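**Q** Handing over protein_38.txt, compact mmCIF, C-alpha atoms.
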```
# COMPACT_ATOMS: atom_id res chain seq x y z
CA MET P 1 87.14 -65.50 -66.19
CA SER P 2 86.17 -66.60 -62.75
CA THR P 3 88.53 -64.06 -61.22
CA LYS P 4 86.77 -61.29 -63.17
CA ILE P 5 83.47 -62.30 -61.67
CA ASP P 6 84.90 -62.69 -58.22
CA VAL P 7 86.22 -59.17 -57.96
CA PRO P 8 82.94 -57.22 -58.25
CA GLU P 9 81.17 -59.73 -55.99
CA GLU P 10 83.70 -59.19 -53.26
CA SER P 11 83.69 -55.44 -53.69
CA SER P 12 79.90 -55.33 -53.47
CA HIS P 13 80.18 -57.44 -50.37
CA VAL P 14 82.59 -54.96 -48.89
CA ALA P 15 80.36 -52.08 -49.93
CA LYS P 16 77.40 -53.71 -48.22
CA GLU P 17 79.36 -54.15 -45.02
CA LYS P 18 80.37 -50.52 -45.13
CA ALA P 19 76.75 -49.51 -45.62
CA THR P 20 75.74 -51.63 -42.65
CA VAL P 21 78.45 -50.08 -40.49
CA ALA P 22 77.38 -46.60 -41.59
CA VAL P 23 73.67 -47.14 -40.80
CA ALA P 24 73.94 -49.10 -37.54
CA PRO P 25 75.25 -46.32 -35.23
CA LYS P 26 72.62 -43.89 -36.49
CA GLN P 27 69.75 -46.26 -35.65
CA GLY P 28 71.46 -47.11 -32.36
CA GLY P 29 71.76 -43.41 -31.58
CA TRP P 30 68.06 -42.82 -32.24
CA LYS P 31 67.16 -45.68 -29.93
CA LYS P 32 69.63 -44.49 -27.30
CA GLY P 33 67.86 -41.11 -27.39
CA VAL P 34 64.51 -42.83 -26.80
CA GLY P 35 66.07 -44.74 -23.90
CA ILE P 36 67.39 -41.55 -22.29
CA MET P 37 64.01 -39.82 -22.77
CA ASP P 38 62.37 -42.90 -21.22
CA PHE P 39 64.66 -42.61 -18.19
CA ILE P 40 63.92 -38.88 -17.72
CA LEU P 41 60.15 -39.38 -18.04
CA ARG P 42 60.39 -42.19 -15.50
CA LEU P 43 62.09 -39.83 -13.01
CA GLY P 44 59.25 -37.34 -13.57
CA ALA P 45 56.65 -40.05 -13.05
CA ILE P 46 58.36 -41.14 -9.80
CA ALA P 47 58.18 -37.56 -8.51
CA ALA P 48 54.52 -37.22 -9.57
CA SER P 49 53.34 -40.52 -8.09
CA LEU P 50 55.27 -40.39 -4.81
CA GLY P 51 54.36 -36.71 -4.44
CA ALA P 52 50.70 -37.58 -4.90
CA ALA P 53 50.89 -40.42 -2.38
CA ALA P 54 52.71 -38.26 0.18
CA THR P 55 50.36 -35.28 -0.24
CA MET P 56 47.31 -37.50 0.12
CA GLY P 57 48.80 -39.47 3.00
CA THR P 58 49.53 -36.37 5.06
CA SER P 59 46.24 -34.59 4.30
CA ASP P 60 44.62 -34.02 7.65
CA GLU P 61 42.62 -31.14 9.05
CA THR P 62 41.19 -30.61 12.48
CA ILE P 63 38.59 -27.93 13.04
CA PRO P 64 37.91 -26.61 16.50
CA PHE P 65 34.12 -26.58 16.47
CA PHE P 66 31.46 -29.26 16.40
CA THR P 67 28.52 -29.18 14.01
CA GLN P 68 25.61 -31.49 13.67
CA PHE P 69 27.01 -33.37 10.70
CA PHE P 70 30.81 -33.38 11.00
CA GLN P 71 33.42 -34.89 13.24
CA PHE P 72 36.26 -32.77 14.48
CA GLU P 73 38.75 -34.14 12.00
CA ALA P 74 38.99 -34.89 8.30
CA SER P 75 41.84 -37.00 6.99
CA TYR P 76 42.41 -39.37 4.12
CA ASP P 77 41.44 -42.18 6.50
CA SER P 78 37.82 -41.03 6.27
CA PHE P 79 37.52 -42.28 2.69
CA PRO P 80 38.40 -45.83 1.57
CA THR P 81 39.03 -44.36 -1.90
CA PHE P 82 41.78 -42.12 -0.58
CA GLN P 83 43.36 -45.03 1.31
CA PHE P 84 43.36 -47.00 -1.96
CA PHE P 85 44.85 -43.97 -3.68
CA VAL P 86 47.77 -43.74 -1.23
CA ILE P 87 48.51 -47.48 -1.49
CA ALA P 88 48.16 -47.55 -5.29
CA LEU P 89 50.36 -44.49 -5.93
CA ALA P 90 53.00 -45.75 -3.49
CA LEU P 91 53.00 -49.07 -5.38
CA VAL P 92 53.32 -47.24 -8.70
CA GLY P 93 56.22 -45.18 -7.34
CA GLY P 94 57.93 -48.35 -6.12
CA TYR P 95 57.47 -50.05 -9.48
CA LEU P 96 58.91 -46.99 -11.28
CA VAL P 97 62.02 -47.00 -9.07
CA LEU P 98 62.51 -50.72 -9.73
CA SER P 99 62.01 -50.14 -13.48
CA LEU P 100 64.92 -47.66 -13.67
CA PRO P 101 67.60 -50.40 -14.12
CA PHE P 102 65.64 -51.81 -17.08
CA SER P 103 65.41 -48.31 -18.54
CA ILE P 104 69.21 -48.04 -18.21
CA ILE P 105 69.55 -51.37 -20.06
CA THR P 106 67.64 -49.88 -23.02
CA ILE P 107 70.13 -46.94 -23.02
CA VAL P 108 73.27 -49.11 -22.78
CA ARG P 109 71.99 -51.72 -25.23
CA PRO P 110 69.58 -49.92 -27.58
CA HIS P 111 68.72 -53.15 -29.41
CA ALA P 112 67.72 -55.13 -26.32
CA VAL P 113 64.13 -56.17 -27.02
CA GLY P 114 63.37 -58.11 -23.84
CA ALA P 115 63.81 -55.13 -21.49
CA ARG P 116 61.63 -52.90 -23.67
CA LEU P 117 58.88 -55.50 -23.91
CA LEU P 118 58.92 -56.08 -20.14
CA LEU P 119 58.66 -52.33 -19.59
CA ILE P 120 55.77 -51.82 -22.03
CA ILE P 121 53.73 -54.66 -20.48
CA LEU P 122 54.31 -53.60 -16.85
CA ASP P 123 53.78 -49.93 -17.79
CA THR P 124 50.38 -50.82 -19.23
CA VAL P 125 49.36 -52.62 -16.04
CA PHE P 126 50.50 -49.77 -13.78
CA LEU P 127 48.95 -47.15 -16.08
CA THR P 128 45.62 -48.86 -15.47
CA LEU P 129 46.19 -48.84 -11.69
CA THR P 130 47.19 -45.15 -11.72
CA ALA P 131 44.29 -44.06 -13.94
CA ALA P 132 41.80 -45.99 -11.82
CA SER P 133 42.95 -44.58 -8.49
CA ALA P 134 43.29 -41.05 -9.90
CA ALA P 135 39.77 -41.12 -11.36
CA ALA P 136 38.24 -42.58 -8.20
CA ALA P 137 39.91 -39.96 -6.01
CA ALA P 138 38.92 -37.17 -8.43
CA ASP P 139 35.36 -38.39 -8.12
CA ILE P 140 35.35 -38.09 -4.33
CA VAL P 141 37.05 -34.69 -4.56
CA TYR P 142 34.23 -33.54 -6.85
CA LEU P 143 31.64 -34.80 -4.39
CA ALA P 144 33.47 -33.11 -1.50
CA HIS P 145 33.43 -29.82 -3.40
CA ASN P 146 29.90 -29.94 -4.80
CA GLY P 147 27.95 -32.58 -2.93
CA ASN P 148 24.97 -34.28 -4.55
CA GLN P 149 21.46 -32.89 -4.31
CA ASP P 150 19.54 -36.04 -5.24
CA THR P 151 21.10 -38.18 -2.54
CA ASN P 152 21.48 -35.36 -0.02
CA TRP P 153 25.25 -35.78 0.20
CA ILE P 154 26.43 -32.35 1.29
CA ALA P 155 29.66 -30.61 0.28
CA ILE P 156 32.32 -30.66 2.99
CA CYS P 157 34.89 -28.32 1.44
CA ASN P 158 33.41 -25.27 3.15
CA GLN P 159 34.42 -26.76 6.48
CA PHE P 160 37.60 -28.53 5.43
CA GLY P 161 39.21 -26.15 2.93
CA ASP P 162 42.85 -27.09 3.54
CA PHE P 163 42.03 -30.79 3.41
CA CYS P 164 40.26 -30.31 0.07
CA ARG P 165 43.16 -28.33 -1.36
CA ALA P 166 45.71 -31.00 -0.36
CA VAL P 167 43.57 -33.76 -1.80
CA SER P 168 42.95 -31.87 -5.06
CA GLY P 169 46.69 -31.33 -5.47
CA ALA P 170 47.35 -35.03 -5.02
CA VAL P 171 44.77 -35.87 -7.69
CA VAL P 172 46.30 -33.41 -10.17
CA SER P 173 49.74 -34.90 -9.50
CA SER P 174 48.43 -38.41 -10.16
CA PHE P 175 46.97 -37.33 -13.51
CA VAL P 176 50.43 -36.00 -14.44
CA ALA P 177 51.72 -39.52 -13.75
CA VAL P 178 49.00 -40.92 -16.04
CA VAL P 179 50.07 -38.65 -18.91
CA LEU P 180 53.74 -39.62 -18.41
CA PHE P 181 52.81 -43.32 -18.48
CA VAL P 182 50.96 -42.90 -21.79
CA LEU P 183 54.04 -41.14 -23.26
CA LEU P 184 56.31 -43.94 -21.98
CA ILE P 185 54.16 -46.65 -23.60
CA VAL P 186 53.89 -44.82 -26.94
CA MET P 187 57.68 -44.28 -27.02
CA SER P 188 58.39 -47.92 -26.18
CA ALA P 189 55.99 -49.07 -28.91
CA LEU P 190 57.76 -46.81 -31.47
CA ALA P 191 61.16 -48.20 -30.41
CA LEU P 192 59.88 -51.78 -30.63
CA MET P 193 58.48 -51.17 -34.12
CA ARG P 194 61.87 -50.00 -35.46
CA HIS P 195 63.51 -53.13 -34.16
CA MET M 1 91.19 -72.58 -57.20
CA SER M 2 88.64 -69.83 -57.38
CA THR M 3 86.05 -72.21 -58.85
CA LYS M 4 86.53 -74.54 -55.92
CA ILE M 5 85.67 -71.74 -53.59
CA ASP M 6 82.72 -70.58 -55.67
CA VAL M 7 80.79 -73.86 -55.55
CA PRO M 8 80.26 -74.20 -51.80
CA GLU M 9 79.44 -70.48 -51.54
CA GLU M 10 76.59 -70.79 -54.02
CA SER M 11 75.23 -73.94 -52.45
CA SER M 12 75.22 -72.32 -49.04
CA HIS M 13 73.40 -69.39 -50.61
CA VAL M 14 70.72 -71.72 -51.96
CA ALA M 15 70.45 -73.45 -48.61
CA LYS M 16 69.95 -70.09 -46.92
CA GLU M 17 67.20 -69.14 -49.34
CA LYS M 18 65.44 -72.44 -48.71
CA ALA M 19 65.67 -71.87 -44.97
CA THR M 20 64.19 -68.38 -45.40
CA VAL M 21 61.29 -69.78 -47.44
CA ALA M 22 60.67 -72.49 -44.84
CA VAL M 23 60.61 -70.04 -41.90
CA ALA M 24 58.65 -67.16 -43.42
CA PRO M 25 55.15 -68.77 -43.62
CA LYS M 26 55.46 -70.07 -40.07
CA GLN M 27 56.13 -66.55 -38.69
CA GLY M 28 53.34 -65.16 -40.84
CA GLY M 29 50.98 -67.80 -39.50
CA TRP M 30 51.89 -66.97 -35.91
CA LYS M 31 51.20 -63.28 -36.56
CA LYS M 32 47.96 -64.09 -38.37
CA GLY M 33 46.87 -66.00 -35.26
CA VAL M 34 47.60 -62.96 -33.11
CA GLY M 35 45.59 -60.82 -35.55
CA ILE M 36 42.58 -63.15 -35.37
CA MET M 37 42.78 -63.26 -31.55
CA ASP M 38 42.99 -59.45 -31.60
CA PHE M 39 39.81 -59.28 -33.69
CA ILE M 40 37.91 -61.67 -31.37
CA LEU M 41 39.00 -59.80 -28.22
CA ARG M 42 37.90 -56.56 -29.87
CA LEU M 43 34.42 -58.00 -30.46
CA GLY M 44 34.29 -58.98 -26.78
CA ALA M 45 35.39 -55.51 -25.73
CA ILE M 46 32.70 -53.92 -27.95
CA ALA M 47 30.05 -56.06 -26.25
CA ALA M 48 31.40 -55.23 -22.78
CA SER M 49 31.71 -51.47 -23.32
CA LEU M 50 28.44 -50.90 -25.17
CA GLY M 51 26.66 -53.23 -22.73
CA ALA M 52 28.01 -51.18 -19.83
CA ALA M 53 26.96 -47.89 -21.47
CA ALA M 54 23.47 -49.22 -22.25
CA THR M 55 22.92 -50.72 -18.79
CA MET M 56 24.04 -47.52 -17.10
CA GLY M 57 22.08 -45.31 -19.53
CA THR M 58 18.81 -47.11 -18.88
CA SER M 59 19.25 -47.40 -15.10
CA ASP M 60 16.28 -45.66 -13.59
CA GLU M 61 14.12 -46.41 -10.59
CA THR M 62 11.07 -44.63 -9.29
CA ILE M 63 9.84 -45.33 -5.79
CA PRO M 64 6.30 -44.47 -4.80
CA PHE M 65 6.90 -42.86 -1.42
CA PHE M 66 8.57 -39.68 -0.26
CA THR M 67 11.11 -39.56 2.54
CA GLN M 68 12.89 -36.66 4.08
CA PHE M 69 16.11 -37.19 2.18
CA PHE M 70 15.25 -38.72 -1.21
CA GLN M 71 13.51 -37.63 -4.36
CA PHE M 72 11.01 -39.97 -6.01
CA GLU M 73 13.40 -41.06 -8.69
CA ALA M 74 16.98 -42.26 -9.03
CA SER M 75 18.59 -42.43 -12.46
CA TYR M 76 22.08 -42.10 -13.85
CA ASP M 77 21.30 -38.40 -14.41
CA SER M 78 21.60 -37.86 -10.68
CA PHE M 79 25.36 -38.40 -10.76
CA PRO M 80 27.75 -36.51 -13.07
CA THR M 81 30.10 -39.50 -12.74
CA PHE M 82 27.52 -41.82 -14.26
CA GLN M 83 26.84 -39.38 -17.10
CA PHE M 84 30.59 -39.32 -17.79
CA PHE M 85 30.59 -43.12 -17.61
CA VAL M 86 27.85 -43.43 -20.26
CA ILE M 87 29.58 -40.96 -22.62
CA ALA M 88 33.05 -42.48 -22.09
CA LEU M 89 31.96 -46.09 -22.60
CA ALA M 90 29.91 -45.15 -25.68
CA LEU M 91 33.02 -43.42 -27.09
CA VAL M 92 35.14 -46.49 -26.32
CA GLY M 93 32.57 -48.73 -28.04
CA GLY M 94 32.59 -46.44 -31.07
CA TYR M 95 36.39 -46.45 -31.23
CA LEU M 96 36.44 -50.26 -31.00
CA VAL M 97 34.00 -50.59 -33.90
CA LEU M 98 36.11 -48.20 -36.00
CA SER M 99 39.28 -50.14 -35.06
CA LEU M 100 37.93 -53.42 -36.49
CA PRO M 101 39.09 -52.63 -40.08
CA PHE M 102 42.63 -52.03 -38.82
CA SER M 103 42.47 -55.30 -36.92
CA ILE M 104 41.45 -57.01 -40.19
CA ILE M 105 44.49 -55.40 -41.90
CA THR M 106 46.77 -57.10 -39.36
CA ILE M 107 45.12 -60.44 -40.22
CA VAL M 108 45.36 -60.01 -43.99
CA ARG M 109 48.86 -58.53 -43.88
CA PRO M 110 50.54 -59.96 -40.78
CA HIS M 111 53.70 -57.91 -41.35
CA ALA M 112 51.95 -54.52 -41.57
CA VAL M 113 53.59 -52.48 -38.81
CA GLY M 114 51.70 -49.19 -39.22
CA ALA M 115 48.29 -50.64 -38.41
CA ARG M 116 49.59 -52.43 -35.30
CA LEU M 117 51.35 -49.33 -34.03
CA LEU M 118 48.24 -47.19 -34.57
CA LEU M 119 46.17 -49.75 -32.67
CA ILE M 120 48.59 -50.02 -29.73
CA ILE M 121 48.74 -46.22 -29.29
CA LEU M 122 44.98 -45.65 -29.54
CA ASP M 123 44.31 -48.70 -27.36
CA THR M 124 46.50 -47.20 -24.65
CA VAL M 125 44.59 -43.92 -24.77
CA PHE M 126 41.17 -45.61 -24.63
CA LEU M 127 42.35 -48.03 -21.93
CA THR M 128 43.05 -44.97 -19.78
CA LEU M 129 39.60 -43.53 -20.52
CA THR M 130 37.87 -46.85 -19.73
CA ALA M 131 39.84 -47.46 -16.53
CA ALA M 132 39.17 -43.91 -15.32
CA SER M 133 35.41 -43.99 -15.90
CA ALA M 134 35.11 -47.54 -14.52
CA ALA M 135 36.99 -46.64 -11.33
CA ALA M 136 35.05 -43.39 -10.84
CA ALA M 137 31.72 -45.17 -11.26
CA ALA M 138 32.81 -48.02 -8.96
CA ASP M 139 33.63 -45.40 -6.37
CA ILE M 140 30.14 -43.90 -6.47
CA VAL M 141 28.60 -47.39 -6.42
CA TYR M 142 30.60 -48.13 -3.27
CA LEU M 143 29.34 -44.91 -1.67
CA ALA M 144 25.77 -45.71 -2.71
CA HIS M 145 26.07 -49.12 -1.07
CA ASN M 146 27.91 -48.15 2.12
CA GLY M 147 27.67 -44.38 2.53
CA ASN M 148 30.32 -42.55 4.51
CA GLN M 149 30.05 -42.03 8.26
CA ASP M 150 32.53 -39.16 8.60
CA THR M 151 30.82 -36.91 6.07
CA ASN M 152 27.32 -38.14 6.86
CA TRP M 153 26.69 -39.32 3.31
CA ILE M 154 24.07 -42.02 3.76
CA ALA M 155 23.72 -45.22 1.71
CA ILE M 156 20.91 -45.11 -0.84
CA CYS M 157 20.88 -48.71 -1.99
CA ASN M 158 18.30 -49.72 0.61
CA GLN M 159 15.80 -47.48 -1.17
CA PHE M 160 16.99 -47.92 -4.74
CA GLY M 161 17.92 -51.61 -4.92
CA ASP M 162 17.22 -52.16 -8.61
CA PHE M 163 19.07 -48.98 -9.57
CA CYS M 164 22.09 -50.10 -7.57
CA ARG M 165 22.07 -53.55 -9.17
CA ALA M 166 21.93 -52.12 -12.70
CA VAL M 167 24.72 -49.68 -11.97
CA SER M 168 26.91 -52.35 -10.35
CA GLY M 169 26.44 -54.59 -13.41
CA ALA M 170 27.54 -51.78 -15.70
CA VAL M 171 30.68 -51.22 -13.61
CA VAL M 172 31.59 -54.92 -13.70
CA SER M 173 31.11 -54.94 -17.47
CA SER M 174 33.39 -51.93 -17.87
CA PHE M 175 36.14 -53.68 -15.87
CA VAL M 176 35.85 -56.62 -18.26
CA ALA M 177 36.53 -54.12 -21.07
CA VAL M 178 39.63 -52.87 -19.15
CA VAL M 179 41.03 -56.42 -18.88
CA LEU M 180 40.43 -57.01 -22.61
CA PHE M 181 42.23 -53.75 -23.47
CA VAL M 182 45.28 -54.78 -21.43
CA LEU M 183 45.35 -58.15 -23.25
CA LEU M 184 45.06 -56.36 -26.63
CA ILE M 185 48.01 -54.07 -25.85
CA VAL M 186 50.23 -56.89 -24.57
CA MET M 187 49.46 -58.97 -27.68
CA SER M 188 50.19 -56.06 -30.04
CA ALA M 189 53.49 -55.39 -28.25
CA LEU M 190 54.51 -59.05 -28.63
CA ALA M 191 53.65 -58.96 -32.34
CA LEU M 192 55.58 -55.70 -32.82
CA MET M 193 58.62 -57.18 -31.07
CA ARG M 194 58.80 -60.15 -33.45
CA HIS M 195 58.76 -57.82 -36.43
```
Show me the file's structure as structure tokens.
**A**
Amino acid sequence: MSTKIDVPEESSHVAKEKATVAVAPKQGGWKKGVGIMDFILRLGAIAASLGAAATMGTSDETIPFFTQFFQFEASYDSFPTFQFFVIALALVGGYLVLSLPFSIITIVRPHAVGARLLLIILDTVFLTLTAASAAAAADIVYLAHNGNQDTNWIAICNQFGDFCRAVSGAVVSSFVAVVLFVLLIVMSALALMRH
Amino acid sequence: MSTKIDVPEESSHVAKEKATVAVAPKQGGWKKGVGIMDFILRLGAIAASLGAAATMGTSDETIPFFTQFFQFEASYDSFPTFQFFVIALALVGGYLVLSLPFSIITIVRPHAVGARLLLIILDTVFLTLTAASAAAAADIVYLAHNGNQDTNWIAICNQFGDFCRAVSGAVVSSFVAVVLFVLLIVMSALALMRH
């Protein structure tokens, strides 16, 4: 009698193992896809952040006449906010390059939790840094374009058009990096949940 | 012979079940603790964000003399950045109040994944909003304190001391909210990982 009971138990055991084998690669494949997407988005974020830092860092315009209010030259050095922007975006770009190996780990080993958790925490910190520097720079760009009546801060973009265009481009690029960071964090959270 | 094999298998099965029962409440307790901490941090973030919005919204100073450069009155209306700050921080406060029920769900049901995932995604979005408005406002506060030589934007804090103090307090409070958001996201990620 005991042999009769044994047989279905073993077969169900085998069936379970088969089911496990059948499901595992599918879940692994889904996670591998997230890992590859993560890697691609990271490359985009590197381009956006380093592009923003480089554009801002080389923004410089010299005008050949002297007015009552302006110096001859406008560059990112004139504004502490823009200096912070260049340093912050360069840091973000450096972090993103260093994070690529960890992104590769999540592709090669889709069930590695440690790498994903490290990435989501550091991504959150650097998202904050990027958003802060992008918003601060956007603020100064707005003032440069429009000035402020109440405090008598006059617009400078009439004089320094090329400088303003370069700076505006850098700000747009940094906001692209912010959007990519948010996508990266949401994807990592989804992958962690399915663990 | 088959009975001899059966007996240890069953006993090991029972032992496994006991081990599962012994471990489960401990994990649940750990997650419940994270949920309670989440709730408390959320209350702190509500206070910080609504406090910042209220302080900024009521900042207003009238000075009784007229100079060449200044109007009689300085209020947050003078700066679009500060208007954005008030709206953004009020939105963040509103979101945090609405997120409290979901935080309670993670306390009552420590293994609920959906609520945690919803919170981590929305927290990331509102962290970005808070960091952006805080940084933009801090930027204007810096300009108000120090001015900018190159563009001839003069400091206004000598005239509007109380206004500057109120605005600076609001900015500090909003950065407290940013730090609390980062903690909330890191904690949610840890709890999701242990799922």
**Q** For chain M against chain P, which residues fall within 8 Å using all atoms listed in the file, given as a ChimeraX atom specification?
**A** /M:2-3,69-71,74,78-79,81,113,117,120-121,124-125,127-128,131-140,148,150-154,156,182,185-186,189-190,192-193,195
**Q** Work out how far atom CA of Ile36 of chain P is from atom CA of Pro101 of chain P, in Å to one decimal.
**A**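 That distance, rounded to one decimal, is 12.0 Å.
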**Q** Give me the residues near Ala47 of chain M as a count of residues only, where near means some atom within 10 Å (using all atoms listed in the file) and where sequence neighbours in that chain fewer than 4 positions away do not count.
**A** 12
**Q** Mind pulling up the distance from atom CA of Phe85 of chain P to atom CA of Gly161 of chain M?
**A**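 Going from atom CA of Gly161 of chain M over to atom CA of Phe85 of chain P covers 28.0 Å.
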**Q** Between atom CA of Ala166 of chain M and atom CA of Ile87 of chain M, what distance in Å does the model show, to one decimal?
**A**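 Atom CA of Ile87 of chain M lies at a distance of 16.8 Å from atom CA of Ala166 of chain M.
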**Q** At a cut-off of 10 Å, using only C-alpha atoms, what residues contact Tyr95 of chain P? Leave out same-chain residues fewer than 6 positions from it and give the result as a list in words.
**A**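 Residues meeting the cut-off are Ile46, Leu89, Leu122, Asp123 and Phe126 of chain P.
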**Q** Ranking P:Phe102, P:Phe160, P:Phe175, P:Tyr76 by minimum distance to Thr62 of chain P and counting only C-alpha atoms, which one comes first?
**A** P:Phe160
**Q** Please rebuild segment 89-104 of chain M with N, CA and C atoms and return the result as a PDB file, in the coordinates of the input.
**A**
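For reference, result_29.pdb as written:
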```
ATOM      1  N   LEU M  89      32.057 -44.707 -22.115  1.00  0.00           N
ATOM      2  CA  LEU M  89      31.960 -46.090 -22.600  1.00  0.00           C
ATOM      3  C   LEU M  89      31.357 -46.144 -24.001  1.00  0.00           C
ATOM      4  N   ALA M  90      30.448 -45.203 -24.315  1.00  0.00           N
ATOM      5  CA  ALA M  90      29.910 -45.150 -25.680  1.00  0.00           C
ATOM      6  C   ALA M  90      31.020 -44.760 -26.658  1.00  0.00           C
ATOM      7  N   LEU M  91      31.870 -43.805 -26.259  1.00  0.00           N
ATOM      8  CA  LEU M  91      33.020 -43.420 -27.090  1.00  0.00           C
ATOM      9  C   LEU M  91      33.956 -44.600 -27.303  1.00  0.00           C
ATOM     10  N   VAL M  92      34.237 -45.337 -26.224  1.00  0.00           N
ATOM     11  CA  VAL M  92      35.140 -46.490 -26.320  1.00  0.00           C
ATOM     12  C   VAL M  92      34.545 -47.525 -27.274  1.00  0.00           C
ATOM     13  N   GLY M  93      33.225 -47.777 -27.140  1.00  0.00           N
ATOM     14  CA  GLY M  93      32.570 -48.730 -28.040  1.00  0.00           C
ATOM     15  C   GLY M  93      32.688 -48.272 -29.491  1.00  0.00           C
ATOM     16  N   GLY M  94      32.471 -46.972 -29.718  1.00  0.00           N
ATOM     17  CA  GLY M  94      32.590 -46.440 -31.070  1.00  0.00           C
ATOM     18  C   GLY M  94      33.998 -46.582 -31.626  1.00  0.00           C
ATOM     19  N   TYR M  95      34.993 -46.273 -30.797  1.00  0.00           N
ATOM     20  CA  TYR M  95      36.390 -46.450 -31.230  1.00  0.00           C
ATOM     21  C   TYR M  95      36.669 -47.899 -31.591  1.00  0.00           C
ATOM     22  N   LEU M  96      36.160 -48.831 -30.751  1.00  0.00           N
ATOM     23  CA  LEU M  96      36.440 -50.260 -31.000  1.00  0.00           C
ATOM     24  C   LEU M  96      35.841 -50.712 -32.318  1.00  0.00           C
ATOM     25  N   VAL M  97      34.618 -50.224 -32.621  1.00  0.00           N
ATOM     26  CA  VAL M  97      34.000 -50.590 -33.900  1.00  0.00           C
ATOM     27  C   VAL M  97      34.840 -50.054 -35.055  1.00  0.00           C
ATOM     28  N   LEU M  98      35.301 -48.794 -34.939  1.00  0.00           N
ATOM     29  CA  LEU M  98      36.110 -48.200 -36.000  1.00  0.00           C
ATOM     30  C   LEU M  98      37.487 -48.869 -36.109  1.00  0.00           C
ATOM     31  N   SER M  99      37.956 -49.511 -35.030  1.00  0.00           N
ATOM     32  CA  SER M  99      39.280 -50.140 -35.060  1.00  0.00           C
ATOM     33  C   SER M  99      39.240 -51.516 -35.712  1.00  0.00           C
ATOM     34  N   LEU M 100      38.026 -52.066 -35.904  1.00  0.00           N
ATOM     35  CA  LEU M 100      37.930 -53.420 -36.490  1.00  0.00           C
ATOM     36  C   LEU M 100      38.597 -53.512 -37.866  1.00  0.00           C
ATOM     37  N   PRO M 101      38.398 -52.529 -38.788  1.00  0.00           N
ATOM     38  CA  PRO M 101      39.090 -52.630 -40.080  1.00  0.00           C
ATOM     39  C   PRO M 101      40.607 -52.711 -39.943  1.00  0.00           C
ATOM     40  N   PHE M 102      41.183 -51.976 -39.005  1.00  0.00           N
ATOM     41  CA  PHE M 102      42.630 -52.030 -38.820  1.00  0.00           C
ATOM     42  C   PHE M 102      43.056 -53.384 -38.273  1.00  0.00           C
ATOM     43  N   SER M 103      42.197 -53.957 -37.422  1.00  0.00           N
ATOM     44  CA  SER M 103      42.470 -55.300 -36.920  1.00  0.00           C
ATOM     45  C   SER M 103      42.462 -56.303 -38.072  1.00  0.00           C
ATOM     46  N   ILE M 104      41.508 -56.121 -39.023  1.00  0.00           N
ATOM     47  CA  ILE M 104      41.450 -57.010 -40.190  1.00  0.00           C
ATOM     48  C   ILE M 104      42.713 -56.858 -41.033  1.00  0.00           C
TER      49      ILE M 104
END
```
